[in-house]
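Student: Shown below is the structure under consideration.
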Amino acid sequence: MPQVVLIALSISVQVGLYYYLWRRLIRDTQIVQPWRRRLSVALVLVAISVPMVFFTRHALPALSKGMGWPAFLGLALAGLSFSLLLMIDATRVLHWFGKLAITRRRPEPLSMERRAFMHRVAGGGAVLSAVTLAGKGAVDALKTPAIARRSFRLERLPASMDGFTILQITDLHIGNTIEESFVRGVVDAANAANADLIVLTGDFVDGSVAELARHAAPIGELRAAHGVYFVTGNHEYYSGVDEWIDYWRSLGIRVLRNERVSIGDASASFDLAGVDDLRSGKYPGHGPDLNKALGGRDPDREVVLLAHQPMHIFESQKY
């Protein structure tokens, strides 16, 4: 029942969003036929394209793959246009109330022609801005991500391990738009950083092993002196989690499932722990267990916890 409610709420929000766009960009601008009909159909196609990508993934994989980029770019354009138009409308409402407060009179309504002209200017500006932002976003998304460098002081880390480097990769979402060439670029950049340890913190795939194994294969080429470790994210569970765990292990990657290991040697080491995704408990044989991962450990040893969702920070404090 909670899932049904969530799906119904999601559909309602989507319908409301696209109705608002139709009203502001097509109805209010008084676009004439046949362009009114054509643009209305185009907006409906954008609205159903993303669900179609997921619904056709198994039955019509070629169609799903071909729709990937157009669907997600359409979603970006719709979301950005919606946000920009909402800000414009909020400004107009505040301006209207401001004039009312100053003059104590309702402002004179605009003529139909003037109102349509203003809607065209606002709508055209919003769509043009959305196209620019989405285009820049798409170009940036196709680049190999830059490595963000951060320094942390861990009080219980042995002095001999000062300068130890952990490289984290997360949320690659290999699937309709992220393919082998992009993954290989990420792997090459990661290996060039020459980190001591590499950790992969989930949401690496949006599809089955059968669909994506070729695109995910470069992950097996990651190299670090102290190994490569993985914890699941929620999208692994949508994509056949057990098969993916077996696949990562076949590539030589250690999957941490509510467990911890020692990193380093006997004289200089720390604990590395990892837990299943926060929402994975409904899947048989899965679910986060911080007590299993962190309970009973030596409190004088430093520990680094790998978890896909930051919400784990609250329960993990007791350990």
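Order determines the names: the first chain of the structure tokens is A, the second B, and so forth; residues in each chain are numbered 1 upward, and ligands are numbered 1 upward as they are shown.
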Please report, as a Markdown table, each residue of region 213-294 of chain A lying at most 8 Å from region 157-173 of chain A, together with the nearest pair of atoms and the separation in Å rounded to one decimal; use only C-alpha atoms, and order rows by chain and ascending residue number.
Tutor:
| residue | atom | partner | partner_atom | distance |
| --- | --- | --- | --- | --- |
| A:Ala268 | CA | A:Pro158 | CA | 5.8 |
| A:Ser269 | CA | A:Pro158 | CA | 7.0 |
| A:Phe270 | CA | A:Leu157 | CA | 6.7 |
Student: Do a neighbour search on Leu200 (chain A) at 10 Å with only C-alpha atoms, toss out local chain neighbours closer than 3 positions, and write the hits as a PyMOL selection string.
Tutor: chain A and resi 167-172+203-204+219+228-233+253-255+306-308
Student: I need the residues of region 67-253 of chain A that end up classed as strand (DSSP E) by DSSP on the backbone, written out as a compact mmCIF listing (two decimals) with N, CA, C and O atoms, in the first residue's frame.
Tutor:
# COMPACT_ATOMS: atom_id res chain seq x y z
N ILE A 166 41.98 7.84 0.21
CA ILE A 166 40.84 7.02 -0.19
C ILE A 166 40.14 7.73 -1.34
O ILE A 166 39.77 8.90 -1.23
N LEU A 167 39.98 7.03 -2.46
CA LEU A 167 39.26 7.60 -3.59
C LEU A 167 37.86 6.98 -3.64
O LEU A 167 37.71 5.77 -3.71
N GLN A 168 36.85 7.84 -3.55
CA GLN A 168 35.47 7.39 -3.57
C GLN A 168 34.83 7.68 -4.92
O GLN A 168 34.93 8.79 -5.45
N ILE A 169 34.16 6.67 -5.49
CA ILE A 169 33.35 6.85 -6.70
C ILE A 169 31.93 6.44 -6.34
O ILE A 169 31.73 5.39 -5.72
N LEU A 197 43.43 3.45 -1.49
CA LEU A 197 42.24 2.61 -1.36
C LEU A 197 41.14 3.22 -2.23
O LEU A 197 41.02 4.45 -2.31
N ILE A 198 40.35 2.39 -2.91
CA ILE A 198 39.23 2.87 -3.72
C ILE A 198 37.94 2.29 -3.15
O ILE A 198 37.86 1.07 -2.90
N VAL A 199 36.95 3.13 -2.94
CA VAL A 199 35.65 2.68 -2.43
C VAL A 199 34.54 3.11 -3.39
O VAL A 199 34.55 4.22 -3.91
N LEU A 200 33.61 2.21 -3.62
CA LEU A 200 32.50 2.43 -4.54
C LEU A 200 31.22 2.38 -3.72
O LEU A 200 30.88 1.33 -3.16
N VAL A 228 39.89 -2.56 -3.71
CA VAL A 228 38.69 -1.85 -4.14
C VAL A 228 37.49 -2.48 -3.42
O VAL A 228 37.31 -3.70 -3.46
N TYR A 229 36.66 -1.64 -2.78
CA TYR A 229 35.53 -2.12 -1.98
C TYR A 229 34.24 -1.47 -2.46
O TYR A 229 34.23 -0.31 -2.91
N PHE A 230 33.15 -2.21 -2.30
CA PHE A 230 31.84 -1.78 -2.83
C PHE A 230 30.75 -1.98 -1.78
O PHE A 230 30.74 -2.98 -1.06
Student: So what do you get for CA of Gly137 (chain A) versus CA of Leu6 (chain A), distance-wise?
Tutor: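 Answer for the CA of Gly137 (chain A) to CA of Leu6 (chain A) separation: 28.6 Å.
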Student: Produce a table with one row for each residue of region 101-179 of chain A that has an atom at most 6 Å from any atom of region 25-36 of chain A, each row naming the nearest atom pair and its distance in Å at one decimal; use only C-alpha atoms; arrange rows by chain and rising residue number; format as a Markdown table.
Tutor:
| residue | atom | partner | partner_atom | distance |
| --- | --- | --- | --- | --- |
| A:Ala116 | CA | A:Thr29 | CA | 4.9 |
| A:His119 | CA | A:Thr29 | CA | 5.4 |
| A:Arg120 | CA | A:Thr29 | CA | 5.2 |
| A:Gly123 | CA | A:Leu25 | CA | 5.6 |
Student: Residues of region 76-305 of chain A in helix (DSSP H, G or I) according to DSSP, as a PyMOL selection string?
Tutor: chain A and resi 76-103+112-142+159-161+180-192+209-221+234-238+241-250+280-282+290-294
Student: From the set A:Met87, A:Met52, A:Ala216, A:Val183, which residue has the shortest atom-to-atom contact distance to Gly66 (chain A), counting only C-alpha atoms?
Tutor: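 Checking each candidate against Gly66 (chain A), we get A:Met52 as the closest.
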Student: Using only C-alpha atoms, which protein or nucleic acid residues come within 10 Å of region 273-276 of chain A? Drop anything in the same chain fewer than 4 positions from it, and give the result as a count of residues only.
Tutor: 36
Student: Can you tell me, as a list in words, what residues are no more than 9 Å from Ile88 (chain A) when counting only C-alpha atoms, ignoring any on the same chain fewer than 5 positions away?
Tutor: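 Once the adjacent positions are removed, what remains is Ser83, Val93, Ala122 and Ala126 of chain A.
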Student: Kindly export the residues of the current selection with all heavy atoms, as a tab-separated table (two decimals), in the first residue's frame.
Tutor:
chain	number	residue	atom	x	y	z
A	83	SER	N	10.48	25.35	-13.23
A	83	SER	CA	11.06	26.12	-12.13
A	83	SER	C	11.16	27.61	-12.48
A	83	SER	O	10.83	28.47	-11.66
A	83	SER	CB	12.44	25.57	-11.78
A	83	SER	OG	12.37	24.22	-11.39
A	93	VAL	N	3.04	37.74	-8.82
A	93	VAL	CA	2.07	37.78	-7.72
A	93	VAL	C	2.53	38.75	-6.64
A	93	VAL	O	1.75	39.56	-6.11
A	93	VAL	CB	1.86	36.37	-7.13
A	93	VAL	CG1	1.07	36.44	-5.82
A	93	VAL	CG2	1.13	35.48	-8.14
A	122	ALA	N	7.54	35.83	-21.31
A	122	ALA	CA	7.97	35.05	-20.15
A	122	ALA	C	8.23	33.60	-20.53
A	122	ALA	O	9.24	33.00	-20.15
A	122	ALA	CB	6.92	35.14	-19.05
A	126	ALA	N	11.81	31.69	-20.52
A	126	ALA	CA	12.01	30.53	-19.66
A	126	ALA	C	12.51	29.33	-20.47
A	126	ALA	O	13.45	28.64	-20.06
A	126	ALA	CB	10.71	30.18	-18.94
Student: Would you compute the distance between CA of Val41 (chain A) and CA of Gly16 (chain A)? Give it in Å to one decimal.
Tutor: 16.4 Å
Student: I need the residue nearest Gly135 (chain A) from this list: A:Gly98, A:Gly74, A:Pro218, A:Pro284. Use only C-alpha atoms for the distance.
Tutor: A:Gly74
Student: Nearest to Leu212 (chain A): which of A:Glu155, A:Gly264, A:Tyr319, A:Pro61 is it, counting only C-alpha atoms?
Tutor: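 The closest residue to Leu212 (chain A) is A:Pro61.
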Student: Between CA of Leu73 (chain A) and CA of Ile147 (chain A), what is the distance, to one decimal in Å?
Tutor: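 Computing it gives 25.3 Å between the two atoms.
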Student: For a quick check of understanding, using only C-alpha atoms, which of A:Ala224, A:Val205, A:Val13, A:Val4 has the smallest distance to Glu243 (chain A)?
Tutor: A:Val205
Student: Write out as a ChimeraX atom specification the residues lying within 10 Å of Ile48 (chain A), counting only C-alpha atoms and excluding same-chain residues fewer than 6 positions away.
Tutor: /A:14,71,75
